[in-house]
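*Asks:* Below is query.csv; it holds CSV, C-alpha atoms.
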```csv
chain,number,residue,atom,x,y,z
A,1,MET,CA,-60.3,-7.8,18.4
A,2,TRP,CA,-57.2,-5.9,19.4
A,3,VAL,CA,-55.4,-9.0,20.6
A,4,PRO,CA,-54.2,-10.3,17.1
A,5,ILE,CA,-53.3,-6.7,16.0
A,6,LEU,CA,-51.3,-6.1,19.2
A,7,GLY,CA,-49.5,-9.5,18.7
A,8,LEU,CA,-48.8,-8.7,15.1
A,9,ILE,CA,-47.3,-5.2,16.0
A,10,ILE,CA,-45.2,-6.6,18.8
A,11,GLY,CA,-43.9,-9.4,16.5
A,12,LEU,CA,-43.1,-6.8,13.8
A,13,LEU,CA,-41.2,-4.7,16.4
A,14,ILE,CA,-39.2,-7.7,17.7
A,15,GLY,CA,-38.4,-8.8,14.2
A,16,SER,CA,-37.2,-5.2,13.3
A,17,VAL,CA,-35.1,-4.9,16.4
A,18,ILE,CA,-33.5,-8.3,16.1
A,19,ALA,CA,-32.4,-8.6,12.5
A,20,ILE,CA,-32.1,-12.3,12.1
A,21,PRO,CA,-29.9,-13.1,9.1
A,22,ILE,CA,-31.2,-15.7,6.7
A,23,PRO,CA,-29.2,-16.8,3.7
A,24,ALA,CA,-30.6,-15.6,0.4
A,25,SER,CA,-30.9,-19.2,-0.9
A,26,LEU,CA,-33.5,-19.9,1.9
A,27,ALA,CA,-35.6,-16.8,1.2
A,28,LYS,CA,-37.9,-18.7,-1.1
A,29,TYR,CA,-38.7,-21.3,1.5
A,30,LEU,CA,-39.1,-18.7,4.2
A,31,SER,CA,-41.7,-16.9,2.0
A,32,ILE,CA,-43.7,-20.1,1.7
A,33,ALA,CA,-43.5,-20.5,5.5
A,34,VAL,CA,-44.8,-16.9,5.9
A,35,LEU,CA,-47.7,-17.7,3.6
A,36,ALA,CA,-48.5,-20.9,5.7
A,37,ALA,CA,-48.3,-18.8,8.9
A,38,LEU,CA,-50.7,-16.2,7.5
A,39,ASP,CA,-53.1,-19.0,6.6
A,40,SER,CA,-52.9,-20.6,10.0
A,41,ALA,CA,-53.3,-17.2,11.8
A,42,PHE,CA,-56.4,-16.2,9.9
A,43,GLY,CA,-57.7,-19.8,10.2
A,44,GLY,CA,-57.5,-19.3,13.9
A,45,ILE,CA,-59.5,-16.0,13.7
A,46,ARG,CA,-62.1,-17.7,11.6
A,47,ALA,CA,-62.4,-20.6,14.1
A,48,ILE,CA,-63.2,-18.0,16.8
A,49,PHE,CA,-66.2,-16.9,14.7
A,50,ASP,CA,-67.1,-20.4,13.9
A,51,ASP,CA,-67.0,-21.3,17.6
A,52,THR,CA,-64.7,-24.2,16.8
A,53,PHE,CA,-61.6,-22.6,18.2
A,54,ASP,CA,-59.0,-24.9,19.7
A,55,ALA,CA,-55.6,-23.6,20.9
A,56,THR,CA,-53.9,-26.9,20.2
A,57,ILE,CA,-55.1,-27.1,16.7
A,58,LEU,CA,-54.1,-23.4,16.1
A,59,LEU,CA,-50.6,-23.7,17.4
A,60,SER,CA,-49.8,-27.1,16.0
A,61,GLY,CA,-51.2,-26.1,12.7
A,62,PHE,CA,-49.2,-22.9,12.8
A,63,PHE,CA,-45.9,-24.6,13.4
A,64,THR,CA,-46.4,-27.8,11.3
A,65,ASN,CA,-47.8,-25.8,8.3
A,66,THR,CA,-44.9,-23.4,8.2
A,67,LEU,CA,-42.3,-26.1,8.6
A,68,ILE,CA,-43.9,-28.6,6.3
A,69,ALA,CA,-44.6,-25.9,3.6
A,70,ALA,CA,-40.9,-24.8,3.7
A,71,LEU,CA,-39.7,-28.4,3.7
A,72,LEU,CA,-42.0,-29.5,0.9
A,73,ALA,CA,-41.0,-26.5,-1.2
A,74,TYR,CA,-37.3,-27.4,-0.6
A,75,LEU,CA,-38.0,-31.0,-1.5
A,76,GLY,CA,-39.8,-29.9,-4.6
A,77,ASP,CA,-36.8,-27.9,-5.6
A,78,GLN,CA,-34.5,-30.8,-5.1
A,79,LEU,CA,-36.8,-33.1,-7.1
A,80,GLY,CA,-37.6,-30.6,-9.8
A,81,VAL,CA,-41.3,-30.5,-9.0
A,82,ASP,CA,-42.9,-27.1,-8.3
A,83,ILE,CA,-44.4,-28.1,-4.9
A,84,TYR,CA,-43.8,-24.4,-4.2
A,85,MET,CA,-46.5,-23.4,-6.6
A,86,ALA,CA,-48.9,-26.0,-5.1
A,87,ALA,CA,-48.3,-24.5,-1.6
A,88,VAL,CA,-48.8,-21.0,-2.8
A,89,PHE,CA,-52.0,-22.0,-4.5
A,90,ALA,CA,-53.4,-24.0,-1.5
A,91,PHE,CA,-52.5,-21.5,1.2
A,92,GLY,CA,-53.5,-18.6,-1.0
A,93,VAL,CA,-56.9,-19.9,-1.8
A,94,ARG,CA,-57.5,-20.8,1.9
A,95,LEU,CA,-56.2,-17.5,3.0
A,96,PHE,CA,-58.7,-15.6,0.9
A,97,GLN,CA,-61.5,-17.9,1.9
A,98,ASN,CA,-60.7,-17.4,5.5
A,99,LEU,CA,-60.5,-13.6,5.0
A,100,ALA,CA,-63.9,-13.6,3.2
A,101,ILE,CA,-65.5,-15.6,6.0
A,102,ILE,CA,-64.0,-13.3,8.6
A,103,ARG,CA,-65.3,-10.3,6.7
A,104,ARG,CA,-68.7,-11.8,6.5
A,105,TYR,CA,-68.8,-12.5,10.2
A,106,GLY,CA,-67.5,-9.0,11.0
A,107,ILE,CA,-70.2,-7.4,8.9
A,108,LEU,CA,-72.9,-9.6,10.4
A,109,LYS,CA,-71.7,-8.7,13.9
A,110,TRP,CA,-71.7,-5.0,13.1
A,111,LYS,CA,-75.2,-5.2,11.6
A,112,ASN,CA,-76.5,-7.2,14.5
A,113,ARG,CA,-75.1,-4.6,16.9
A,114,ARG,CA,-76.8,-1.8,15.0
A,115,GLU,CA,-80.1,-3.7,14.9
A,116,ASN,CA,-79.9,-4.3,18.6
A,117,ALA,CA,-79.1,-0.7,19.2
A,118,LYS,CA,-82.1,0.3,17.1
A,119,ILE,CA,-84.4,-2.1,18.9
A,120,LYS,CA,-83.2,-0.8,22.2
A,121,ARG,CA,-83.8,2.7,21.1
A,122,ASP,CA,-87.2,1.8,19.8
A,123,GLN,CA,-88.1,0.1,23.1
A,124,GLY,CA,-86.7,3.1,25.0
A,125,GLU,CA,-89.1,5.5,23.2
B,1,MET,CA,-64.4,-7.1,30.5
B,2,SER,CA,-60.8,-7.8,31.7
B,3,LYS,CA,-61.5,-11.5,31.7
B,4,ILE,CA,-59.2,-13.2,29.3
B,5,LYS,CA,-61.0,-15.3,26.8
B,6,LYS,CA,-59.6,-18.8,26.0
B,7,TRP,CA,-58.6,-17.9,22.5
B,8,GLN,CA,-56.8,-14.7,23.2
B,9,VAL,CA,-53.4,-16.1,24.4
B,10,PRO,CA,-52.9,-18.5,21.5
B,11,VAL,CA,-54.0,-16.0,18.9
B,12,PHE,CA,-51.7,-13.4,20.4
B,13,VAL,CA,-48.8,-15.9,20.3
B,14,THR,CA,-49.7,-16.9,16.7
B,15,PHE,CA,-49.8,-13.3,15.5
B,16,LEU,CA,-46.6,-12.4,17.3
B,17,LEU,CA,-44.8,-15.2,15.6
B,18,LEU,CA,-46.5,-14.2,12.3
B,19,GLY,CA,-45.2,-10.7,12.7
B,20,LEU,CA,-41.7,-12.0,13.5
B,21,LEU,CA,-41.7,-14.2,10.4
B,22,ILE,CA,-43.0,-11.4,8.2
B,23,THR,CA,-40.2,-9.0,9.3
B,24,VAL,CA,-37.5,-11.6,8.9
B,25,GLN,CA,-38.8,-12.5,5.5
B,26,PHE,CA,-39.1,-8.8,4.6
B,27,HIS,CA,-35.4,-8.2,5.5
B,28,THR,CA,-34.3,-11.3,3.7
B,29,GLN,CA,-36.2,-10.4,0.6
B,30,GLN,CA,-34.8,-6.8,0.6
B,31,ASN,CA,-31.3,-8.1,0.9
B,32,TYR,CA,-32.0,-10.6,-1.9
B,33,LEU,CA,-33.4,-7.9,-4.1
B,34,ARG,CA,-30.3,-5.8,-3.5
B,35,ASP,CA,-28.1,-8.7,-4.8
B,36,LEU,CA,-26.8,-7.9,-8.3
B,37,PRO,CA,-28.6,-10.7,-10.2
B,38,GLN,CA,-32.0,-9.4,-8.9
B,39,GLN,CA,-31.5,-5.8,-10.1
B,40,SER,CA,-32.9,-4.5,-13.4
B,41,THR,CA,-30.8,-4.4,-16.5
B,42,ASP,CA,-31.0,-0.6,-16.6
B,43,ASP,CA,-29.8,-0.3,-13.1
B,44,LEU,CA,-27.0,-2.7,-13.8
B,45,VAL,CA,-26.0,-0.8,-16.9
B,46,LEU,CA,-26.0,2.5,-15.0
B,47,GLN,CA,-23.9,0.9,-12.2
B,48,PHE,CA,-21.6,-0.5,-14.8
B,49,ARG,CA,-21.2,2.9,-16.5
B,50,GLN,CA,-20.6,4.6,-13.2
B,51,ASN,CA,-18.0,2.0,-12.2
B,52,ASN,CA,-16.3,2.3,-15.7
B,53,GLU,CA,-16.1,6.1,-15.3
B,54,LYS,CA,-14.7,5.8,-11.9
B,55,ASN,CA,-12.2,3.2,-13.2
B,56,GLU,CA,-11.1,5.5,-16.0
B,57,GLU,CA,-10.6,8.4,-13.5
B,58,LEU,CA,-8.6,6.2,-11.3
B,59,GLU,CA,-6.5,4.9,-14.2
B,60,MET,CA,-5.8,8.5,-15.3
B,61,ALA,CA,-4.8,9.4,-11.7
B,62,LEU,CA,-2.6,6.3,-11.7
B,63,ALA,CA,-0.9,7.2,-15.0
B,64,GLU,CA,-0.3,10.7,-13.7
B,65,LEU,CA,1.3,9.4,-10.5
B,66,GLU,CA,3.4,7.0,-12.5
B,67,SER,CA,4.7,9.7,-14.7
B,68,GLN,CA,5.5,11.8,-11.6
B,69,GLN,CA,7.3,8.8,-10.2
B,70,ASN,CA,9.3,8.4,-13.5
B,71,LEU,CA,10.2,12.1,-13.3
B,72,PHE,CA,11.4,11.7,-9.8
B,73,THR,CA,13.4,8.6,-10.8
B,74,THR,CA,15.1,10.3,-13.7
B,75,ASN,CA,15.8,13.3,-11.5
B,76,ILE,CA,17.4,11.0,-9.0
B,77,SER,CA,19.5,9.2,-11.6
B,78,GLU,CA,20.5,12.6,-13.1
B,79,ASP,CA,21.5,13.8,-9.7
B,80,GLU,CA,23.4,10.5,-9.1
B,81,ALA,CA,25.3,10.9,-12.4
B,82,LEU,CA,26.1,14.5,-11.5
B,83,ILE,CA,27.4,13.4,-8.1
B,84,LYS,CA,29.5,10.7,-9.7
B,85,GLN,CA,30.9,13.2,-12.2
B,86,MET,CA,31.7,15.7,-9.4
B,87,ASN,CA,33.3,12.9,-7.4
B,88,GLN,CA,35.5,12.0,-10.3
B,89,GLU,CA,36.4,15.7,-10.8
B,90,VAL,CA,37.2,16.0,-7.1
B,91,SER,CA,39.4,12.9,-7.1
B,92,ALA,CA,41.2,14.1,-10.3
B,93,HIS,CA,41.9,17.4,-8.6
B,94,GLN,CA,43.0,15.6,-5.5
B,95,VAL,CA,45.4,13.6,-7.6
B,96,ALA,CA,46.7,16.8,-9.3
B,97,ILE,CA,47.4,18.7,-6.1
B,98,GLY,CA,48.8,15.6,-4.4
B,99,LEU,CA,46.2,15.1,-1.7
B,100,ILE,CA,45.9,11.4,-2.2
B,101,PRO,CA,48.5,8.7,-2.7
B,102,VAL,CA,49.1,7.9,-6.4
B,103,GLU,CA,50.9,5.3,-8.5
B,104,GLY,CA,52.0,4.9,-12.0
B,105,PRO,CA,55.1,4.4,-14.2
B,106,GLY,CA,58.1,6.7,-13.9
B,107,VAL,CA,61.8,6.9,-12.9
B,108,THR,CA,63.7,6.9,-9.7
B,109,ILE,CA,66.9,8.9,-9.3
B,110,THR,CA,69.1,7.8,-6.4
B,111,ILE,CA,71.7,10.2,-5.2
B,112,PRO,CA,74.3,8.3,-3.1
B,113,ALA,CA,75.6,9.6,0.2
B,114,ASN,CA,78.7,11.8,0.7
B,115,GLN,CA,78.3,13.7,-2.5
B,116,PRO,CA,78.6,17.5,-2.7
B,117,ILE,CA,75.0,18.1,-3.6
B,118,MET,CA,73.5,21.5,-2.9
B,119,TYR,CA,69.8,22.4,-2.5
B,120,TYR,CA,69.7,24.1,-5.8
B,121,ASP,CA,70.9,20.9,-7.5
B,122,LEU,CA,67.9,19.2,-6.0
B,123,ILE,CA,65.7,22.1,-7.3
B,124,ASP,CA,67.3,21.8,-10.7
B,125,ILE,CA,66.5,18.0,-10.8
B,126,ILE,CA,62.9,18.6,-9.7
B,127,ASN,CA,62.4,21.4,-12.2
B,128,GLU,CA,63.8,19.3,-14.9
B,129,LEU,CA,61.4,16.5,-14.0
B,130,TRP,CA,58.4,19.0,-14.0
B,131,ASN,CA,59.7,20.2,-17.4
B,132,CYS,CA,59.6,16.7,-18.7
B,133,GLN,CA,55.9,16.5,-17.7
B,134,ALA,CA,56.3,14.6,-14.5
B,135,GLU,CA,52.9,14.3,-12.9
B,136,ALA,CA,53.9,13.7,-9.3
B,137,ILE,CA,57.3,13.8,-7.6
B,138,ALA,CA,58.4,12.7,-4.2
B,139,VAL,CA,61.8,13.0,-2.5
B,140,ASN,CA,62.5,10.2,0.0
B,141,ASP,CA,58.8,9.5,0.0
B,142,HIS,CA,57.9,13.1,0.8
B,143,ARG,CA,55.5,14.4,-1.9
B,144,ILE,CA,56.5,17.6,-3.6
B,145,ASN,CA,53.5,19.9,-4.2
B,146,ASN,CA,53.0,23.5,-5.1
B,147,SER,CA,53.9,24.8,-1.7
B,148,SER,CA,57.0,22.6,-1.1
B,149,LYS,CA,60.1,24.5,0.0
B,150,ILE,CA,63.6,23.3,-0.7
B,151,TYR,CA,66.4,25.0,1.2
B,152,TRP,CA,69.2,24.3,3.5
B,153,THR,CA,70.2,25.0,7.1
B,154,GLU,CA,73.6,25.2,8.7
B,155,TYR,CA,73.3,22.0,10.7
B,156,THR,CA,71.5,19.6,8.4
B,157,ALA,CA,72.4,21.0,5.0
B,158,LEU,CA,69.5,20.0,2.7
B,159,THR,CA,65.8,20.4,3.8
B,160,ILE,CA,62.5,19.9,2.2
B,161,ASP,CA,59.5,21.6,3.8
B,162,GLY,CA,61.8,22.1,6.8
B,163,LYS,CA,62.7,18.4,7.2
B,164,ALA,CA,66.2,17.3,6.7
B,165,VAL,CA,66.9,15.1,3.6
B,166,SER,CA,68.9,12.0,4.5
B,167,PHE,CA,71.3,10.4,2.0
B,168,PRO,CA,71.2,8.3,0.0
B,169,CYS,CA,68.3,10.2,-1.4
B,170,THR,CA,65.7,8.8,-3.8
B,171,ILE,CA,63.7,11.0,-6.0
B,172,LYS,CA,60.6,9.3,-7.5
B,173,ALA,CA,58.8,10.8,-10.4
B,174,ILE,CA,55.7,9.6,-12.1
B,175,GLY,CA,55.3,10.4,-15.8
B,176,ASP,CA,56.2,9.1,-19.2
B,177,PRO,CA,59.5,7.3,-18.4
B,178,ASP,CA,61.0,7.9,-21.9
B,179,LYS,CA,60.4,11.6,-21.7
B,180,LEU,CA,61.7,11.9,-18.2
B,181,LEU,CA,64.9,9.9,-19.1
B,182,SER,CA,65.5,11.9,-22.2
B,183,GLY,CA,65.1,15.2,-20.3
B,184,LEU,CA,67.4,14.1,-17.6
B,185,ASN,CA,70.1,12.8,-20.0
B,186,LEU,CA,70.0,15.8,-22.3
B,187,ALA,CA,73.5,16.8,-23.5
B,188,GLY,CA,74.5,19.8,-21.3
B,189,GLY,CA,71.5,19.0,-19.1
B,190,ILE,CA,71.2,18.4,-15.4
B,191,LEU,CA,73.0,15.1,-15.2
B,192,SER,CA,76.0,16.1,-17.2
B,193,ASN,CA,76.1,19.3,-15.1
B,194,LEU,CA,76.1,17.3,-11.9
B,195,SER,CA,78.7,14.9,-13.2
B,196,THR,CA,81.2,17.7,-13.5
B,197,TYR,CA,80.9,18.1,-9.7
B,198,GLY,CA,81.4,14.3,-9.3
B,199,ILE,CA,77.8,13.6,-8.5
B,200,ASN,CA,76.6,10.6,-10.3
B,201,PRO,CA,73.0,9.6,-9.5
B,202,THR,CA,71.6,6.2,-10.4
B,203,ILE,CA,68.6,6.4,-12.6
B,204,ASN,CA,66.1,3.6,-13.0
B,205,GLU,CA,63.1,3.3,-15.1
B,206,GLU,CA,60.2,1.9,-13.1
B,207,GLU,CA,57.0,0.3,-14.3
B,208,ILE,CA,55.0,1.1,-11.2
B,209,LEU,CA,55.9,3.6,-8.6
B,210,SER,CA,53.7,4.6,-5.6
B,211,LEU,CA,53.9,8.0,-4.1
B,212,PRO,CA,52.4,9.1,-0.7
B,213,ALA,CA,50.0,12.0,-0.3
B,214,ALA,CA,51.2,15.5,0.5
B,215,ASP,CA,50.2,17.4,3.5
B,216,GLU,CA,46.8,19.1,3.3
B,217,PRO,CA,47.3,22.7,2.2
B,218,THR,CA,46.0,25.4,4.6
B,219,VAL,CA,43.4,27.6,2.8
B,220,LYS,CA,42.6,30.5,5.0
B,221,HIS,CA,42.4,33.6,2.8
B,222,LEU,CA,41.8,32.0,-0.6
B,223,ARG,CA,38.5,32.0,-2.3
B,224,PRO,CA,37.6,31.4,-5.9
B,225,ILE,CA,36.7,34.4,-8.1
B,226,LYS,CA,33.3,34.0,-9.5
```
Represent the structure from my file as structure tokens, please.

*Replies:*
Amino acid sequence: MWVPILGLIIGLLIGSVIAIPIPASLAKYLSIAVLAALDSAFGGIRAIFDDTFDATILLSGFFTNTLIAALLAYLGDQLGVDIYMAAVFAFGVRLFQNLAIIRRYGILKWKNRRENAKIKRDQGE
Amino acid sequence: MSKIKKWQVPVFVTFLLLGLLITVQFHTQQNYLRDLPQQSTDDLVLQFRQNNEKNEELEMALAELESQQNLFTTNISEDEALIKQMNQEVSAHQVAIGLIPVEGPGVTITIPANQPIMYYDLIDIINELWNCQAEAIAVNDHRINNSSKIYWTEYTALTIDGKAVSFPCTIKAIGDPDKLLSGLNLAGGILSNLSTYGINPTINEEEILSLPAADEPTVKHLRPIK
């Protein structure tokens, strides 16, 4: 379980060291891209638990979701439609769903392990 | 345990990119919030006040410096006026003591050659001219000043400041021509006196006469009394 955490920390460090300047006018679209990236990343974790994990789906989803979210938000701004809000809603809802499922799996795993340990101990006695 | 599961690399890459994105967005957002339009009204009011105060301070400093500058400028112009005045005084004094060439209206007295003129006759003429308020006198274009000596030697007869006076001799005097003429032509005066010895100088009134400068006086022991 340390792999995503390690990746996240290294990414944060790289981002801190290399300060990539982004114009303030693009900050809004970048924020939507970050939300999409969060969604994809946690979707990937969830897929591991679901045993439906596929590297291609994860990476393609990660890149296309971020890009398309930013582009759609930009397009919405140009057209005067708050596609931005739709993206926040869609990605937000899915992000919380994914997190809830990950939490549930995590708790189940932990409980199973405790049960197993208990059984082992009982058998040992 | 060390076997890499198939999900680990893509998830690592995904989270690395996610971290990168988050920090970039974080920096961007911080910069964005630091922009003036994103700050709270209170902060802006505070900043505005601080800037105003600073502005006032700087304006006061500027006004002080400007007044100082004005002071210096007036000092300079006063000094310049003083220098100008002193220069005028100096040139007036130089004119008075004959240190610079001068010009003005006056008379010329021409004494022809071969006349029995003595050095005291010349002194009498010059004294008469000074009496008639002549301001500058020159004999044969030699300026007469307060240290001029008029005398004679055996060989050259008449000398002024040790130099022989050649004849015909022209005496130039700057002053009021009428006064000078009336003084010279006075009954029983210098001209009538000379005429008894057969000396008859020609006297001309001149509108403009120019006189050379006298020699620089040597001042070794003199100093003004304070």

*Asks:* Could you write out as a PyMOL selection string the residues of chain A within 9 Å of chain B, counting all atoms listed in the file?

*Replies:* chain A and resi 3-16+18-28+30-31+33-34+37-38+40-41+44-45+48+53-56+58-59+62

*Asks:* Mind giving me the straight-line distance from atom CA of Ala213 of chain B to atom CA of Asp124 of chain B in Å, one decimal?

*Replies:*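 Interatomic distance here is 22.4 Å.
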
*Asks:* For a test of reading the model, state the distance in Å between atom CA of Leu46 of chain B and atom CA of Arg34 of chain B, rounded to one decimal.

*Replies:*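 That distance, rounded to one decimal, is 14.8 Å.
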
*Asks:* Can you tell me which residues surround Val88 of chain A at a distance of at most 10 Å, considering only C-alpha atoms, apart from same-chain residues fewer than 4 positions away, and format the answer as a list of chain:residue names?

*Replies:*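 Skipping anything fewer than 4 positions along the chain leaves A:Ser31, A:Ile32, A:Ala33, A:Leu35, A:Ala36, A:Ala69, A:Ala73, A:Ile83, A:Tyr84, A:Gly92, A:Val93, A:Arg94.
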
*Asks:* Create the file for the chosen residues now, containing C-alpha atoms and written as a PDB file, in the coordinates of the input.

*Replies:*
```
ATOM      1  CA  SER A  31     -41.700 -16.900   2.000  1.00  0.00           C
ATOM      2  CA  ILE A  32     -43.700 -20.100   1.700  1.00  0.00           C
ATOM      3  CA  ALA A  33     -43.500 -20.500   5.500  1.00  0.00           C
ATOM      4  CA  LEU A  35     -47.700 -17.700   3.600  1.00  0.00           C
ATOM      5  CA  ALA A  36     -48.500 -20.900   5.700  1.00  0.00           C
ATOM      6  CA  ALA A  69     -44.600 -25.900   3.600  1.00  0.00           C
ATOM      7  CA  ALA A  73     -41.000 -26.500  -1.200  1.00  0.00           C
ATOM      8  CA  ILE A  83     -44.400 -28.100  -4.900  1.00  0.00           C
ATOM      9  CA  TYR A  84     -43.800 -24.400  -4.200  1.00  0.00           C
ATOM     10  CA  GLY A  92     -53.500 -18.600  -1.000  1.00  0.00           C
ATOM     11  CA  VAL A  93     -56.900 -19.900  -1.800  1.00  0.00           C
ATOM     12  CA  ARG A  94     -57.500 -20.800   1.900  1.00  0.00           C
TER      13      ARG A  94
END
```

*Asks:* Do you know which residues are at most 6 Å from Gly106 of chain B counting all atoms listed in the file, after dropping those on the same chain fewer than 2 positions away, and could you put them as a VMD selection string?

*Replies:* chain B and resid 173 to 175 177 206

*Asks:* Between A:Phe96, A:Ile107, A:Trp2, A:Ala87, which has the minimum distance to Asn65 of chain A (counting all atoms listed in the file)?

*Replies:* A:Ala87

*Asks:* Mind checking which residues fall within 9 Å of Ile100 of chain B, counting all atoms listed in the file, ignoring those fewer than 6 positions away in the same chain, and posting them as a list in words?

*Replies:*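 Using all atoms listed in the file, the neighbours found are Ser91, Gln94, Leu211, Pro212, Ala213 and Ala214 of chain B.
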
*Asks:* For the atom pair atom CA of Asn193 of chain B and atom CA of Cys169 of chain B, what is the interatomic distance in Å to one decimal place?

*Replies:* 18.2 Å

*Asks:* Taking all atoms listed in the file into account, which of A:Gly61, A:Gly76, A:Gly106, A:Gly124 comes nearest Arg46 of chain A?

*Replies:* A:Gly106

*Asks:* Using only C-alpha atoms, determine which residues lie at most 12 Å from segment 180-186 of chain B, disregarding the query and same-chain residues fewer than 4 positions distant; provide the list as a PyMOL selection string.

*Replies:* chain B and resi 105-109+124-137+172-176+190-195+200-206

*Asks:* If I wrap all listed atoms of segment 118-133 of chain B in a box with edges along x, y and z and add 8 Å on each side, what are its centre and edge lengths in Å to one decimal, as JSON?

*Replies:*
```
{"center_x": 64.7, "center_y": 20.3, "center_z": -10.6, "size_x": 33.6, "size_y": 23.6, "size_z": 32.2}
```
